[in-house]
Structure formats: structure tokens, C-alpha cells
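K.L.:
The structure follows.
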Amino acid sequence: MLSLTVTVSNPLPEARENVPVVVSLPAKGAEVHSVNIAGHPEMVWQLDDMDADGRNDELVMMVDLKPSEIKKLTVNLSEKATAKTFEPKTSAYIKLHDKNQKHPRVQGIVYPGTADNRIMYNSIYGHGAVLEGLVSAIRVYMDNRQSVDLYAKNHPQLELETTGFYTTIEQMEQGYGRDILWAGTSVALGSFRGWNGTEPTTIDSVDTRGQRVVTTGPLRSVIEVTDRGWVQGSGKNPVDMTQRYTVWADRRDYDVDIAITPTTQGAVYCTGVQKVMEDNTGFISADGLAGSWGWNVPEKKYEELRDTLGLGLFVPAQYLDRTIEDDVNYLTLLKPDAKGRIKYSFTSAALRDETSPRSADEWFAWLRRWQREKAHPVKVTVK
């Protein structure tokens with residue numbers, strides 16, 4: 001049907017693993033239903049319809065790169081469907097809460113802005129959309145906070161279909177992970193907030209708010225949070241906001257992509273990571289990196305169970321206004337670009353995770369290596 005030459009260039013003099021490569025597909029002509037990467041029959045790929053128009057518009061691959069390597073891939077696109085399947089390494093879902101404990105999946109849900117926060121929150125099983133990778137999972141609360149909560153695994157695997165963020169003592173004894181973060185009034189792990197000039201604000205005044213699963217597949221899964229007609233604080237000009245959260249196969253970080261329209265000159269928003277409740281040690285730097293490490297009791301009915309964890313956040317320079325801290329958070333103030341976009345990434349560690357750094361020093365060193373990669377993304381060209 002059509003062949004593309006995809007060139008991926010590593011700008012760093014160091015090896016990189018599990019690098020996401022996203023290729024936009026032709027908007028016209030025959031639709032792409034399968035892919036063959038010449039010379040790489042084992043290579044995993046994923047086709048996604050990101051704008052929900054019924055047509056695949058992006059191809060996802062993941063590559064390993066040597067120091068300063070330039071890798072060329074010949075990608076053959078076909079309109080013929082294939083029976084080929086790949087092992088899933090990511091997942092996303094929204095489930096409704098129901099009295100029969102069936103918790104049916106839905107693709108998306110939208111509430112009027114007048115809906116009660118507690119009703120919305122409790123109507124979703126897990127209280128919001130769930131996004132899962134091999135080492136961790138997050139959920140984004142379906143209410144005005146839209147907080148990001150964290151679940152850590154003991155071993156790399158998909159397991160939320162079994163535990164659903166509500167791991168029992170019996171399941172923990174079998175080796176499953178669990179919810180490890182007590183967010184309280186903090187920004188938790190990279191939650192998006194408004195900013196009133198002195199502190200973070202929740203997303204209160206909207207016409208509608210919703211969540212949907214954009215895609216779920218072997219290499220990436222994406223969930224979306226929408227707020228239509230949001231009036232921030234005492235302002236008078238409503239905006240429409242879309243937040244997308246992406247998890248990638250074999251990676252510990254999550255990417256956030258926010259679109260706000262119309263763009264308001266000088267508008268400032270906020271994210272960050274919390275200071276972990278007990279024995280917190282952490283930092284926030286002017287170049288957009290923040291990290292914390294400590295322990296907490298995430299589930300009050302299990303007071304005897306505590307988890308040691310690390311949180312991390314990186315905001316690229318073009319979206320960074322300034323960094324500050326308050327009593328419970330390391331905060332990063334955000335500024336949209338000319339198109340109303342904001343992008344940042346967050347990540348986590350936990351002692352229960354066998355693949356994780358084991359101390360605050362190890363975690364902060366890992367974060368600085370991660371920042372270097374995020375600040376120097378690979379260059380992808382398509383011909």
C-alpha cells in the first residue's frame with residue numbers, strides 16, 4: 001500500500017531503552033489496518049484512532065538506541081487487517097459502579113457542571129479512569145480535584161483487572177501490589193490545578209466534565225479528562241480544557257498533554273508532587289525537576305501497612321513559569337505555549353516494586369538521568 005522511511009535520532013551520547021516513536025498516518029486514501037517493519041518481524045506496533053473519527057491516525061513503535069545512534073526503519077502500511085496480536089503491556093479502563101458488583105466498562109462518561117462531586121466520584125468504580133503500566137498504575141478522580149492517585153506493583157505485570165485498585169489482604173499475600181499514596185489536600189502525583197496567585201485551585205466552575213478511554217493497547221494506553229466552559233477562580237472568560245495521560249510499555253513514567261482554548265495571555269496553572277507524609281525528603285529545582293521520598297499509610301483501615309515511595313515530576317522549559325513549595329507540595333507553575341498546550345511528565349518508585357530504586361539518594365539520581373532524557377527527546381522524521 002504505502003512505505004514510509006522513519007528515522008529516529010538519539011541526541012545523547014548514551015544508550016536509551018524503550019523509546020516511544022509516534023508516526024502520524026496519512027489523512028487521506030486507504031485506511032491503515034496493519035503494519036510490517038522491514039527486517040524486524042518481531043517488532044511490536046500499535047495503530048490508534050486518537051480523534052475518535054473511526055480512522056487510525058497514529059502508529060506507535062518503541063525502539064532501543066545506542067549512544068548518538070541514527071536508526072532508520074522501513075515501515076510498510078497495509079489496508080488489510082491482520083490476525084497478529086501482541087502481549088499487552090498497558091491497559092486503560094473506566095468502569096461504572098453498580099450494586100450487583102459487575103462494574104461494566106464504558107468508553108467514556110460526561111456529567112453536567114452542576115453534578116455533585118461526591119455523586120460523580122462514587123458513580124465510577126475506582127472513582128475515575130484507570131491507566132496501567134507494568135510497574136504502576138494511576139487513576140484520575142472523577143470530581144473537581146481530578147487528582148492523580150498511585151498504585152505500585154511488586155512485580156512487573158498487568159493486574160488491575162484482578163485488584164481494581166482495591167487489593168485485599170489475601171491478594172497482597174499472593175504478591176499483588178496496591179494503592180500506595182494518600183493524597184489528602186495535596187497535588188498528589190502530577191495532578192493538574194488552577195492557580196489563584198497564591199495557591200493551587202481545583203477545577204470547580206464548568207459547563208460539563210468528562211473522562212474517556214482514548215486507546216488501550218500493547219505499547220501505550222491513553223485516558224482523557226475534559227472540562228468544558230471552565231472559569232478559573234474569579235475570572236470571567238471560560239475555557240475548554242482537555243487533559244491526556246499516557247502510559248508506555250516497559251516504562252515507569254507517564255506523559256501529560258493539556259490543551260486549553262482559547263489561550264489567555266499570561267494565564268498560569270499549576271502541578272507538582274506532594275511531600276510524602278512521613279520522613280519526607282525532597283527537592284524542587286528551577287529547571288523543572290521535582291522529587292520526594294518518604295513513607296505513608298495509604299489506607300486508613302490498614303494502619304499497620306505502610307509504603308515507602310518516591311515521586312517525581314519534570315516540566316520542559318517552554319511550559320515552565322517558576323517553581324515554589326508550600327507546606328505539603330513541591331509546586332511547578334505552568335504557562336501554555338502559543339497554541340494553548342502544556343506538557344509535562346511524572347513518575348514514581350516504591351520499595352514494594354522489585355525493579356525500583358531503593359533509597360532517596362538512588363531515586364533522586366534516577367530522576368536526574370530521567371530528566372536528561374526527557375529534556376532531550378529523540379528526533380523522528382518521516383519520508
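Note on naming: chains are A, B, ... as they come in the C-alpha cells, residues start from 1 per chain, ligands start from 1 in the order shown.
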Sort by chain and increasing residue number a table of all residues of segment 111-157 of chain A within 12 Å of segment 304-325 of chain A, each with its closest pair of atoms and their distance in Å to one decimal, counting only C-alpha atoms, and write it as a Markdown table.
P.N.:
| residue | atom | partner | partner_atom | distance |
| --- | --- | --- | --- | --- |
| A:Ser136 | CA | A:Leu309 | CA | 11.8 |
| A:Val148 | CA | A:Leu311 | CA | 11.8 |
| A:Asp149 | CA | A:Leu311 | CA | 11.4 |
| A:Leu150 | CA | A:Leu311 | CA | 9.7 |
| A:Tyr151 | CA | A:Leu309 | CA | 10.6 |
| A:Ala152 | CA | A:Leu309 | CA | 9.0 |
| A:Lys153 | CA | A:Asp307 | CA | 11.6 |
| A:Asn154 | CA | A:Asp307 | CA | 11.7 |
K.L.:
Take the residues from that selection and put them in a file with C-alpha atoms, as a compact mmCIF listing (two decimals), in the first residue's frame.
P.N.:
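Output file result.txt is given in full below:
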# COMPACT_ATOMS: atom_id res chain seq x y z
CA SER A 136 2.48 1.00 38.35
CA VAL A 148 -3.83 11.52 40.27
CA ASP A 149 -3.59 8.57 42.67
CA LEU A 150 -0.87 5.90 42.55
CA TYR A 151 -0.82 2.09 42.64
CA ALA A 152 2.54 0.25 42.79
CA LYS A 153 3.27 -3.34 41.76
CA ASN A 154 5.50 -5.89 43.46
K.L.:
Please provide the set of residues having any atom within 9 Å of Glu17 of chain A, restricted to only C-alpha atoms, with same-chain residues fewer than 3 positions apart removed, written as JSON, numbers by chain.
P.N.:
{"A": [62, 63, 64, 65, 66]}
K.L.:
Can you list every residue of segment 223-326 of chain A that has an atom at most 12 Å from segment 32-51 of chain A, with its nearest atom pair and the distance in Å to one decimal, using only C-alpha atoms, ordered by chain then number, as JSON lines?
P.N.:
{"residue": "A:Ile223", "atom": "CA", "partner": "A:Met50", "partner_atom": "CA", "distance": 10.5}
{"residue": "A:Glu224", "atom": "CA", "partner": "A:Met50", "partner_atom": "CA", "distance": 10.5}
{"residue": "A:Arg244", "atom": "CA", "partner": "A:Met50", "partner_atom": "CA", "distance": 10.7}
{"residue": "A:Thr246", "atom": "CA", "partner": "A:Met50", "partner_atom": "CA", "distance": 11.9}
{"residue": "A:Trp248", "atom": "CA", "partner": "A:Gln46", "partner_atom": "CA", "distance": 11.5}
{"residue": "A:Ala249", "atom": "CA", "partner": "A:Val44", "partner_atom": "CA", "distance": 10.5}
K.L.:
Counting only C-alpha atoms, which residue out of A:Gly229, A:Gly210, A:Pro67, A:Gly184 sits closest to Ala115 of chain A?
P.N.:
A:Gly210
K.L.:
Write out as an MDAnalysis selection string all residues of segment 163-313 of chain A that DSSP puts in strand (DSSP E or B) for this structure's backbone.
P.N.:
chainID A and resid 178:179 189 193:195 200:201 205 208:216 220:231 239:248 253:261 269:274 278:284 289:296 307:313
K.L.:
Please produce an output containing C-alpha atoms for each residue in the selection, written as a short mmCIF file (atom, residue, chain, number, x, y, z; two decimals), in the first residue's frame.
P.N.:
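So the final result, stored in selection_9.cif, reads:
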data_model
loop_
_atom_site.label_atom_id
_atom_site.label_comp_id
_atom_site.auth_asym_id
_atom_site.auth_seq_id
_atom_site.Cartn_x
_atom_site.Cartn_y
_atom_site.Cartn_z
CA ARG A 178 -1.81 -1.85 45.90
CA ASP A 179 -2.74 1.81 46.19
CA LEU A 189 1.43 12.94 41.77
CA ARG A 193 -4.65 22.53 39.06
CA GLY A 194 -5.59 26.12 38.51
CA TRP A 195 -3.63 28.90 40.21
CA PRO A 200 -3.41 25.72 43.69
CA THR A 201 -7.15 25.67 42.97
CA SER A 205 -16.92 26.05 37.69
CA THR A 208 -19.53 19.80 31.67
CA ARG A 209 -16.77 17.48 32.84
CA GLY A 210 -15.96 14.05 31.48
CA GLN A 211 -13.49 11.21 31.06
CA ARG A 212 -12.89 8.72 28.25
CA VAL A 213 -10.52 5.97 27.20
CA VAL A 214 -8.76 7.22 24.07
CA THR A 215 -6.90 4.00 23.35
CA THR A 216 -5.62 0.90 25.09
CA ARG A 220 0.51 2.63 25.04
CA SER A 221 -2.77 3.46 26.68
CA VAL A 222 -4.29 6.93 26.93
CA ILE A 223 -7.09 8.40 29.04
CA GLU A 224 -8.64 11.83 28.59
CA VAL A 225 -10.20 14.28 31.02
CA THR A 226 -12.32 17.15 29.66
CA ASP A 227 -13.65 20.31 31.27
CA ARG A 228 -15.88 22.48 29.04
CA GLY A 229 -16.58 26.05 29.98
CA TRP A 230 -14.13 26.18 32.88
CA VAL A 231 -13.94 29.54 34.62
CA VAL A 239 -12.03 27.95 28.51
CA ASP A 240 -12.30 24.39 27.25
CA MET A 241 -9.62 22.07 28.61
CA THR A 242 -8.54 18.57 27.62
CA GLN A 243 -6.01 16.59 29.66
CA ARG A 244 -4.48 13.42 28.21
CA TYR A 245 -2.46 10.96 30.29
CA THR A 246 -0.29 8.36 28.50
CA VAL A 247 1.47 5.27 29.83
CA TRP A 248 4.05 3.40 27.71
CA ASP A 253 6.79 7.41 33.66
CA TYR A 254 3.54 8.94 32.42
CA ASP A 255 3.24 11.81 29.92
CA VAL A 256 0.65 14.57 30.31
CA ASP A 257 -0.59 16.69 27.39
CA ILE A 258 -3.03 19.51 28.15
CA ALA A 259 -4.85 21.68 25.61
CA ILE A 260 -6.62 24.88 26.69
CA THR A 261 -8.70 27.04 24.33
CA TYR A 269 -1.70 26.92 36.01
CA CYS A 270 -0.12 24.51 38.46
CA THR A 271 1.08 20.96 39.07
CA GLY A 272 3.64 19.31 41.34
CA VAL A 273 4.31 16.39 43.64
CA GLN A 274 3.39 16.09 47.28
CA GLU A 278 6.22 10.79 56.88
CA ASP A 279 10.02 11.26 56.84
CA ASN A 280 9.81 13.23 53.62
CA THR A 281 12.97 14.27 51.87
CA GLY A 282 12.77 16.04 48.57
CA PHE A 283 13.64 18.96 46.32
CA ILE A 284 12.38 21.22 43.60
CA LEU A 289 12.55 18.80 38.14
CA ALA A 290 10.99 17.87 41.48
CA GLY A 291 11.24 14.76 43.63
CA SER A 292 10.21 13.42 47.00
CA TRP A 293 10.76 10.27 49.06
CA GLY A 294 9.19 9.05 52.28
CA TRP A 295 6.52 6.74 53.67
CA ASN A 296 2.82 6.91 54.41
CA ASP A 307 4.59 2.02 51.99
CA THR A 308 7.85 3.78 51.22
CA LEU A 309 7.67 5.55 47.88
CA GLY A 310 9.24 8.16 45.64
CA LEU A 311 7.53 10.71 43.41
CA GLY A 312 8.99 12.69 40.51
CA LEU A 313 7.95 15.41 38.06
#
K.L.:
Could you jot down the atom CA of Phe346 of chain A to atom CA of Glu362 of chain A separation for me, Å, one decimal place?
P.N.:
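Atom-to-atom, atom CA of Phe346 of chain A to atom CA of Glu362 of chain A, that is 16.9 Å.
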K.L.:
Need to verify the contact set: Glu373 of chain A, 9 Å, only C-alpha atoms, exclusion of same-chain residues closer than 5 positions in sequence. Can you return it as a list of chain:residue names?
P.N.:
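Returned residues: A:Leu12, A:Arg16, A:Arg368, A:Val378.
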K.L.:
Give me the residues near Arg252 of chain A as a list of chain:residue names, where near means some atom within 7 Å (using only C-alpha atoms) and where sequence neighbours in that chain fewer than 2 positions away do not count.
P.N.:
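Within the cut-off, the hits are A:Val135, A:Asp250, A:Thr347, A:Ser348.
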K.L.:
Pull all heavy atoms from the residues just selected and write them as a PDB file, in the first residue's frame.
P.N.:
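Listed below is the output, out.pdb:
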ATOM      1  N   VAL A 135       4.747  -1.501  35.878  1.00  0.00           N
ATOM      2  CA  VAL A 135       5.285  -1.307  37.227  1.00  0.00           C
ATOM      3  C   VAL A 135       4.364  -0.488  38.124  1.00  0.00           C
ATOM      4  O   VAL A 135       4.560  -0.457  39.348  1.00  0.00           O
ATOM      5  CB  VAL A 135       6.686  -0.655  37.202  1.00  0.00           C
ATOM      6  CG1 VAL A 135       7.668  -1.529  36.459  1.00  0.00           C
ATOM      7  CG2 VAL A 135       6.643   0.742  36.615  1.00  0.00           C
ATOM      8  N   ASP A 250       6.790  -0.907  29.314  1.00  0.00           N
ATOM      9  CA  ASP A 250       8.142  -1.063  29.868  1.00  0.00           C
ATOM     10  C   ASP A 250       8.746   0.243  30.380  1.00  0.00           C
ATOM     11  O   ASP A 250       9.966   0.344  30.514  1.00  0.00           O
ATOM     12  CB  ASP A 250       9.081  -1.684  28.822  1.00  0.00           C
ATOM     13  CG  ASP A 250       8.655  -3.086  28.428  1.00  0.00           C
ATOM     14  OD1 ASP A 250       8.477  -3.914  29.329  1.00  0.00           O
ATOM     15  OD2 ASP A 250       8.480  -3.337  27.221  1.00  0.00           O
ATOM     16  N   THR A 347       6.487  10.474  37.418  1.00  0.00           N
ATOM     17  CA  THR A 347       6.954   9.106  37.583  1.00  0.00           C
ATOM     18  C   THR A 347       6.994   8.758  39.065  1.00  0.00           C
ATOM     19  O   THR A 347       6.783   9.620  39.917  1.00  0.00           O
ATOM     20  CB  THR A 347       8.349   8.940  36.936  1.00  0.00           C
ATOM     21  OG1 THR A 347       8.741   7.570  36.957  1.00  0.00           O
ATOM     22  CG2 THR A 347       9.395   9.788  37.641  1.00  0.00           C
ATOM     23  N   SER A 348       7.249   7.502  39.369  1.00  0.00           N
ATOM     24  CA  SER A 348       7.209   7.079  40.765  1.00  0.00           C
ATOM     25  C   SER A 348       8.111   5.871  41.002  1.00  0.00           C
ATOM     26  O   SER A 348       8.513   5.171  40.062  1.00  0.00           O
ATOM     27  CB  SER A 348       5.780   6.731  41.185  1.00  0.00           C
ATOM     28  OG  SER A 348       5.319   5.585  40.478  1.00  0.00           O
TER      29      SER A 348
END
K.L.:
Using only C-alpha atoms, can you tell me which of A:Ala15, A:Ala83, A:Val8, A:Met142 comes closest to Gly126 of chain A?
P.N.:
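Of the candidates, the smallest distance to Gly126 of chain A is held by A:Met142.
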K.L.:
Could you jot down the atom CA of Thr114 of chain A to atom CA of Val187 of chain A separation for me, Å, one decimal place?
P.N.:
23.6 Å
K.L.:
Using only C-alpha atoms for the distances, tell me which of A:Ile169, A:Leu96, A:Val23, A:Leu73 is nearest to Lys301 of chain A.
P.N.:
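When distances to Lys301 of chain A are compared using only C-alpha atoms, the smallest one comes from A:Ile169.
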